[in-house]
>>> print(open('query24.cif').read())   # mmCIF, C-alpha atoms
data_start
#
loop_
_atom_site.group_PDB
_atom_site.id
_atom_site.type_symbol
_atom_site.label_atom_id
_atom_site.label_comp_id
_atom_site.auth_asym_id
_atom_site.auth_seq_id
_atom_site.Cartn_x
_atom_site.Cartn_y
_atom_site.Cartn_z
ATOM 1 C CA MET A 28 -5.512 -9.064 48.009
ATOM 2 C CA LYS A 29 -4.098 -12.290 46.643
ATOM 3 C CA ALA A 30 -6.566 -12.137 43.807
ATOM 4 C CA ILE A 31 -5.382 -8.667 42.877
ATOM 5 C CA ALA A 32 -1.763 -9.787 42.899
ATOM 6 C CA ARG A 33 -2.703 -12.683 40.644
ATOM 7 C CA LEU A 34 -4.645 -10.379 38.355
ATOM 8 C CA SER A 35 -1.660 -8.036 38.065
ATOM 9 C CA LEU A 36 0.652 -10.909 37.253
ATOM 10 C CA TRP A 37 -1.764 -12.137 34.619
ATOM 11 C CA LEU A 38 -1.991 -8.661 33.099
ATOM 12 C CA PHE A 39 1.780 -8.384 33.051
ATOM 13 C CA LEU A 40 2.121 -11.722 31.297
ATOM 14 C CA SER A 41 -0.546 -10.871 28.751
ATOM 15 C CA ALA A 42 1.185 -7.538 28.080
ATOM 16 C CA LEU A 43 4.378 -9.500 27.400
ATOM 17 C CA TRP A 44 2.482 -11.759 25.068
ATOM 18 C CA PHE A 45 1.137 -8.790 23.118
ATOM 19 C CA SER A 46 4.481 -7.031 22.745
ATOM 20 C CA PRO A 47 5.629 -9.052 19.696
ATOM 21 C CA LEU A 48 2.403 -7.961 18.011
ATOM 22 C CA ALA A 49 3.301 -4.356 18.758
ATOM 23 C CA LEU A 50 6.712 -4.889 17.144
ATOM 24 C CA ALA A 51 5.183 -6.665 14.164
ATOM 25 C CA ALA A 52 3.011 -3.592 13.601
ATOM 26 C CA ALA A 53 6.150 -1.626 12.668
ATOM 27 C CA ASP A 54 6.137 -3.274 9.232
ATOM 28 C CA LEU A 55 3.256 -4.279 7.026
ATOM 29 C CA GLU A 56 3.156 -7.791 5.630
ATOM 30 C CA ILE A 57 3.669 -7.533 1.858
ATOM 31 C CA ASN A 58 5.294 -10.843 1.057
ATOM 32 C CA THR A 59 2.303 -13.078 0.504
ATOM 33 C CA PRO A 60 2.024 -15.164 -2.688
ATOM 34 C CA ALA A 61 -0.987 -13.130 -3.817
ATOM 35 C CA ILE A 62 0.829 -9.808 -3.456
ATOM 36 C CA THR A 63 3.961 -11.152 -5.138
ATOM 37 C CA SER A 64 2.050 -12.411 -8.150
ATOM 38 C CA LEU A 65 0.102 -9.136 -8.487
ATOM 39 C CA LYS A 66 3.393 -7.255 -8.369
ATOM 40 C CA GLN A 67 4.892 -9.414 -11.103
ATOM 41 C CA GLY A 68 1.912 -8.888 -13.379
ATOM 42 C CA MET A 69 1.984 -5.149 -12.821
ATOM 43 C CA GLN A 70 5.712 -4.981 -13.409
ATOM 44 C CA GLN A 71 5.324 -6.657 -16.801
ATOM 45 C CA ARG A 72 2.380 -4.451 -17.711
ATOM 46 C CA HIS A 73 4.330 -1.357 -16.762
ATOM 47 C CA ALA A 74 6.673 -1.931 -19.701
ATOM 48 C CA GLU A 75 3.655 -1.421 -21.975
ATOM 49 C CA LEU A 76 1.985 1.317 -19.957
ATOM 50 C CA SER A 77 4.986 3.583 -19.412
ATOM 51 C CA GLY A 78 4.839 4.932 -22.974
ATOM 52 C CA TYR A 79 1.235 6.018 -22.408
ATOM 53 C CA TYR A 80 2.170 7.719 -19.142
ATOM 54 C CA ALA A 81 4.935 9.608 -20.914
ATOM 55 C CA SER A 82 2.723 10.730 -23.801
ATOM 56 C CA GLY A 83 -0.001 11.840 -21.414
ATOM 57 C CA ALA A 84 -2.571 9.446 -22.852
ATOM 58 C CA VAL A 85 -2.844 7.765 -19.454
ATOM 59 C CA GLY A 86 -2.533 9.474 -16.082
ATOM 60 C CA LEU A 87 -2.474 8.601 -12.394
ATOM 61 C CA THR A 88 -5.720 9.283 -10.582
ATOM 62 C CA ARG A 89 -5.988 10.708 -7.090
ATOM 63 C CA ASP A 90 -7.627 7.504 -5.866
ATOM 64 C CA GLY A 91 -4.643 5.261 -6.582
ATOM 65 C CA LEU A 92 -5.708 4.022 -10.022
ATOM 66 C CA VAL A 93 -4.897 4.941 -13.621
ATOM 67 C CA ALA A 94 -7.224 6.437 -16.228
ATOM 68 C CA VAL A 95 -7.224 7.339 -19.903
ATOM 69 C CA ARG A 96 -6.674 11.087 -19.788
ATOM 70 C CA ASP A 97 -6.271 11.969 -23.454
ATOM 71 C CA PRO A 98 -7.098 9.195 -25.948
ATOM 72 C CA ALA A 99 -5.915 11.404 -28.811
ATOM 73 C CA ALA A 100 -2.367 11.232 -27.449
ATOM 74 C CA ALA A 101 -2.224 7.577 -28.497
ATOM 75 C CA PRO A 102 -2.327 6.377 -32.126
ATOM 76 C CA LEU A 103 -5.805 5.196 -33.095
ATOM 77 C CA ALA A 104 -4.575 1.656 -33.648
ATOM 78 C CA GLN A 105 -3.305 1.449 -30.084
ATOM 79 C CA ARG A 106 -6.301 2.843 -28.246
ATOM 80 C CA GLN A 107 -8.129 -0.430 -27.812
ATOM 81 C CA MET A 108 -4.959 -1.964 -26.424
ATOM 82 C CA MET A 109 -4.436 1.015 -24.139
ATOM 83 C CA ASN A 110 -7.964 0.765 -22.756
ATOM 84 C CA SER A 111 -7.575 -2.875 -21.907
ATOM 85 C CA LEU A 112 -4.196 -2.223 -20.285
ATOM 86 C CA VAL A 113 -5.813 0.457 -18.105
ATOM 87 C CA THR A 114 -8.672 -1.855 -17.140
ATOM 88 C CA ALA A 115 -6.310 -4.695 -16.275
ATOM 89 C CA GLU A 116 -4.013 -2.381 -14.330
ATOM 90 C CA ASN A 117 -6.906 -1.045 -12.273
ATOM 91 C CA GLN A 118 -8.129 -4.533 -11.478
ATOM 92 C CA ASP A 119 -4.663 -5.445 -10.222
ATOM 93 C CA ARG A 120 -4.340 -2.238 -8.229
ATOM 94 C CA GLN A 121 -7.691 -2.778 -6.502
ATOM 95 C CA ALA A 122 -6.690 -6.362 -5.756
ATOM 96 C CA LEU A 123 -3.309 -5.207 -4.450
ATOM 97 C CA TYR A 124 -4.863 -2.775 -1.966
ATOM 98 C CA ARG A 125 -7.351 -5.419 -0.877
ATOM 99 C CA GLU A 126 -4.665 -8.071 -0.468
ATOM 100 C CA ILE A 127 -2.368 -5.823 1.558
ATOM 101 C CA SER A 128 -5.114 -4.923 4.021
ATOM 102 C CA ARG A 129 -6.265 -8.515 4.218
ATOM 103 C CA ALA A 130 -2.726 -9.887 4.675
ATOM 104 C CA ASN A 131 -2.398 -7.630 7.699
ATOM 105 C CA GLY A 132 -5.661 -8.763 9.220
ATOM 106 C CA HIS A 133 -7.519 -5.505 8.577
ATOM 107 C CA PRO A 134 -9.724 -5.609 5.476
ATOM 108 C CA GLU A 135 -11.161 -2.258 6.617
ATOM 109 C CA TRP A 136 -7.778 -0.604 5.943
ATOM 110 C CA GLU A 137 -8.281 -0.933 2.193
ATOM 111 C CA ASP A 138 -9.252 2.701 1.635
ATOM 112 C CA GLU A 139 -6.332 3.989 3.686
ATOM 113 C CA VAL A 140 -3.928 1.669 1.863
ATOM 114 C CA ARG A 141 -5.353 2.982 -1.403
ATOM 115 C CA SER A 142 -4.877 6.633 -0.452
ATOM 116 C CA THR A 143 -1.348 5.970 0.785
ATOM 117 C CA PHE A 144 -0.561 4.369 -2.570
ATOM 118 C CA ALA A 145 -2.252 7.204 -4.452
ATOM 119 C CA GLN A 146 0.178 9.685 -2.906
ATOM 120 C CA ARG A 147 3.222 7.470 -3.378
ATOM 121 C CA TRP A 148 2.513 6.592 -7.041
ATOM 122 C CA ILE A 149 2.248 10.310 -7.798
ATOM 123 C CA SER A 150 5.333 11.334 -5.875
ATOM 124 C CA LYS A 151 7.384 8.610 -7.565
ATOM 125 C CA ALA A 152 6.052 9.351 -11.052
ATOM 126 C CA ALA A 153 8.552 10.535 -13.650
ATOM 127 C CA ALA A 154 8.643 14.144 -14.820
ATOM 128 C CA GLY A 155 6.179 14.764 -17.624
ATOM 129 C CA TRP A 156 3.619 12.233 -16.434
ATOM 130 C CA TRP A 157 0.091 13.393 -15.699
ATOM 131 C CA TYR A 158 -1.706 12.978 -12.396
ATOM 132 C CA GLN A 159 -4.872 14.218 -10.736
ATOM 133 C CA ASN A 160 -4.288 16.771 -8.004
ATOM 134 C CA ALA A 161 -6.328 16.863 -4.781
ATOM 135 C CA SER A 162 -9.242 18.579 -6.512
ATOM 136 C CA GLY A 163 -9.235 16.106 -9.385
ATOM 137 C CA ALA A 164 -7.706 18.354 -12.056
ATOM 138 C CA TRP A 165 -5.119 16.803 -14.393
ATOM 139 C CA THR A 166 -1.677 18.204 -13.716
ATOM 140 C CA ARG A 167 1.630 17.582 -15.449
ATOM 141 C CA LYS A 168 4.523 16.622 -13.253
ATOM 142 C CA MET B 24 -6.463 -2.298 49.856
ATOM 143 C CA LYS B 25 -8.626 0.210 48.053
ATOM 144 C CA THR B 26 -5.558 1.816 46.444
ATOM 145 C CA THR B 27 -4.265 -1.546 45.213
ATOM 146 C CA PHE B 28 -7.624 -2.293 43.703
ATOM 147 C CA LEU B 29 -7.705 1.095 41.993
ATOM 148 C CA ALA B 30 -4.185 0.503 40.679
ATOM 149 C CA ALA B 31 -5.236 -2.856 39.277
ATOM 150 C CA VAL B 32 -8.243 -1.325 37.558
ATOM 151 C CA LEU B 33 -6.079 1.431 36.057
ATOM 152 C CA LEU B 34 -3.555 -1.146 34.846
ATOM 153 C CA LEU B 35 -6.323 -3.186 33.279
ATOM 154 C CA GLY B 36 -7.628 -0.065 31.562
ATOM 155 C CA GLY B 37 -4.140 0.845 30.357
ATOM 156 C CA VAL B 38 -3.417 -2.588 28.927
ATOM 157 C CA THR B 39 -6.782 -2.738 27.183
ATOM 158 C CA ALA B 40 -6.325 0.722 25.683
ATOM 159 C CA GLY B 41 -2.824 -0.264 24.537
ATOM 160 C CA CYS B 42 -4.032 -3.363 22.755
ATOM 161 C CA VAL B 43 -6.886 -1.488 21.120
ATOM 162 C CA THR B 44 -4.486 1.231 19.979
ATOM 163 C CA ILE B 45 -2.197 -1.313 18.334
ATOM 164 C CA ASN B 46 -5.037 -2.969 16.506
ATOM 165 C CA ILE B 47 -7.292 -0.152 15.414
ATOM 166 C CA TYR B 48 -5.152 2.711 14.163
ATOM 167 C CA PHE B 49 -3.880 2.556 10.623
ATOM 168 C CA PRO B 50 -0.058 2.410 10.619
ATOM 169 C CA ALA B 51 0.476 5.251 8.163
ATOM 170 C CA ALA B 52 4.288 5.239 8.256
ATOM 171 C CA ALA B 53 4.489 1.477 7.776
ATOM 172 C CA ALA B 54 1.995 1.662 4.924
ATOM 173 C CA GLU B 55 4.037 4.359 3.224
ATOM 174 C CA LYS B 56 7.164 2.252 3.528
ATOM 175 C CA ALA B 57 5.351 -0.786 2.133
ATOM 176 C CA ALA B 58 3.920 1.269 -0.736
ATOM 177 C CA ASP B 59 7.367 2.644 -1.623
ATOM 178 C CA LYS B 60 8.836 -0.831 -1.697
ATOM 179 C CA ILE B 61 6.082 -2.219 -3.909
ATOM 180 C CA ILE B 62 6.132 0.754 -6.292
ATOM 181 C CA ASP B 63 9.936 0.545 -6.614
ATOM 182 C CA ASP B 64 9.520 -3.105 -7.596
ATOM 183 C CA ILE B 65 6.722 -2.537 -10.080
ATOM 184 C CA TRP B 66 8.248 0.529 -11.731
ATOM 185 C CA GLN B 67 11.807 -0.837 -11.426
ATOM 186 C CA LEU B 68 12.988 2.352 -9.768
ATOM 187 C CA LYS B 69 15.801 0.816 -7.752
ATOM 188 C CA GLN B 70 18.608 0.028 -10.193
ATOM 189 C CA GLY B 71 20.669 -3.096 -9.672
ATOM 190 C CA ALA B 72 17.785 -5.376 -8.784
ATOM 191 C CA LYS B 73 17.789 -6.883 -12.247
ATOM 192 C CA PRO B 74 18.289 -5.388 -15.691
ATOM 193 C CA GLN B 75 15.135 -4.929 -17.707
ATOM 194 C CA PRO B 76 14.760 -7.626 -20.382
ATOM 195 C CA ASP B 77 13.743 -5.036 -22.935
ATOM 196 C CA LEU B 78 16.310 -5.840 -25.649
ATOM 197 C CA GLN B 79 13.706 -7.022 -28.146
ATOM 198 C CA GLY B 80 12.040 -3.611 -28.164
ATOM 199 C CA GLU B 81 15.330 -1.819 -28.657
ATOM 200 C CA ALA B 82 16.445 -4.106 -31.497
ATOM 201 C CA LYS B 83 13.668 -2.836 -33.754
#
>>> encode(input="query24.cif", output="structure tokens")
Amino acid sequence: MKAIARLSLWLFLSALWFSPLALAAADLEINTPAITSLKQGMQQRHAELSGYYASGAVGLTRDGLVAVRDPAAAPLAQRQMMNSLVTAENQDRQALYREISRANGHPEWEDEVRSTFAQRWISKAAAGWWYQNASGAWTRK
Amino acid sequence: MKTTFLAAVLLLGGVTAGCVTINIYFPAAAAEKAADKIIDDIWQLKQGAKPQPDLQGEAK
């Protein structure tokens, strides 16, 4: 009987100990140095990429990345530059999704973080930009 | 006696399930909020944060 009372007390105390974790789960940790530096790099790159989004040369993919959609929409002289911007952007995006899931102690969340971002990038995209719809077809916003 | 024991077992089960729930399920709403915040920063969607230093491009 005494043992059960002690067990209940212990359970109650451990539940109390876990409750801050439950509260912490309300927000994801996104303020690590790695995430901040990825964000800065992507913000600077966006100044160069936004023209390609607007012309339709580059579009947002359904898996949270960017891709060259129509190379002909960019002047020949800029295509090489555009390709390397897309490659660099995708590397940063992959790293961002990985870092967010890792910073929150769940590396296995990476795919879910990626699909959350995929939806949010597209819904925040400006009118006229191209994105892949759920079946993978390019669509103009 | 038996009832108390049963109650303790149920409590143990409840607490364990609670902890597992917190840790395993992906927090979709929190992730969406985090994504929005990061995208706003990267695409500079929230005005007033800081003006874009894009004067060089416009001067041409």
>>> closest_atom_pairs(input="query24.cif", of="chain B", to="chain A", cutoff="9 Å", atoms="only C-alpha atoms", output="CSV")
residue,atom,partner,partner_atom,distance
B:Met24,CA,A:Met28,CA,7.1
B:Thr27,CA,A:Ile31,CA,7.6
B:Phe28,CA,A:Ile31,CA,6.8
B:Ala31,CA,A:Ser35,CA,6.4
B:Leu34,CA,A:Ser35,CA,7.8
B:Leu35,CA,A:Leu38,CA,7.0
B:Val38,CA,A:Ala42,CA,6.8
B:Cys42,CA,A:Phe45,CA,7.5
B:Ile45,CA,A:Ala49,CA,6.3
B:Asn46,CA,A:Ala52,CA,8.6
B:Ile47,CA,A:His133,CA,8.7
B:Phe49,CA,A:Trp136,CA,6.9
B:Pro50,CA,A:Ala52,CA,7.4
B:Ala51,CA,A:Thr143,CA,7.6
B:Ala52,CA,A:Ala53,CA,8.4
B:Ala53,CA,A:Asp54,CA,5.2
B:Ala54,CA,A:Leu55,CA,6.4
B:Glu55,CA,A:Thr143,CA,6.1
B:Lys56,CA,A:Asp54,CA,8.0
B:Ala57,CA,A:Leu55,CA,6.4
B:Ala58,CA,A:Phe144,CA,5.7
B:Asp59,CA,A:Arg147,CA,6.6
B:Ile61,CA,A:Lys66,CA,7.2
B:Ile62,CA,A:Trp148,CA,6.9
B:Asp63,CA,A:Lys151,CA,8.5
B:Asp64,CA,A:Gln70,CA,7.2
B:Ile65,CA,A:Gln70,CA,4.3
B:Trp66,CA,A:Gln70,CA,6.3
B:Gln67,CA,A:Gln70,CA,7.6
B:Leu68,CA,A:Lys151,CA,8.7
B:Asp77,CA,A:Ala74,CA,8.4
>>> closest_residue(input="query24.cif", among="A:Thr59, A:Thr88, A:Ser64, A:Gln121", to="A:Gly163", atoms="only C-alpha atoms")
A:Thr88
>>> atom_distance(input="query24.cif", atom1="atom CA of A:Ala161", atom2="atom CA of A:Arg106")
27.3 Å
>>> residues_around(input="query24.cif", residues="A:Thr114", least_positions_apart="2", cutoff="12 Å", atoms="all atoms listed in the file", output="PDB file with C-alpha atoms, in the coordinates of the input")
ATOM      1  CA  MET A  69       1.984  -5.149 -12.821  1.00  0.00           C
ATOM      2  CA  ARG A  72       2.380  -4.451 -17.711  1.00  0.00           C
ATOM      3  CA  LEU A  76       1.985   1.317 -19.957  1.00  0.00           C
ATOM      4  CA  VAL A  85      -2.844   7.765 -19.454  1.00  0.00           C
ATOM      5  CA  LEU A  92      -5.708   4.022 -10.022  1.00  0.00           C
ATOM      6  CA  VAL A  93      -4.897   4.941 -13.621  1.00  0.00           C
ATOM      7  CA  ALA A  94      -7.224   6.437 -16.228  1.00  0.00           C
ATOM      8  CA  VAL A  95      -7.224   7.339 -19.903  1.00  0.00           C
ATOM      9  CA  GLN A 107      -8.129  -0.430 -27.812  1.00  0.00           C
ATOM     10  CA  MET A 108      -4.959  -1.964 -26.424  1.00  0.00           C
ATOM     11  CA  MET A 109      -4.436   1.015 -24.139  1.00  0.00           C
ATOM     12  CA  ASN A 110      -7.964   0.765 -22.756  1.00  0.00           C
ATOM     13  CA  SER A 111      -7.575  -2.875 -21.907  1.00  0.00           C
ATOM     14  CA  LEU A 112      -4.196  -2.223 -20.285  1.00  0.00           C
ATOM     15  CA  GLU A 116      -4.013  -2.381 -14.330  1.00  0.00           C
ATOM     16  CA  ASN A 117      -6.906  -1.045 -12.273  1.00  0.00           C
ATOM     17  CA  GLN A 118      -8.129  -4.533 -11.478  1.00  0.00           C
ATOM     18  CA  ASP A 119      -4.663  -5.445 -10.222  1.00  0.00           C
ATOM     19  CA  ARG A 120      -4.340  -2.238  -8.229  1.00  0.00           C
ATOM     20  CA  GLN A 121      -7.691  -2.778  -6.502  1.00  0.00           C
TER      21      GLN A 121
END
>>> atom_distance(input="query24.cif", atom1="atom CA of A:Arg89", atom2="atom CA of A:Leu103")
26.6 Å
>>> atom_distance(input="query24.cif", atom1="atom CA of A:Trp157", atom2="atom CA of A:Arg125")
25.1 Å
>>> closest_residue(input="query24.cif", among="A:Ala61, A:Ala84, A:Ala122, A:Ala130", to="A:Gln105", atoms="only C-alpha atoms")
A:Ala84
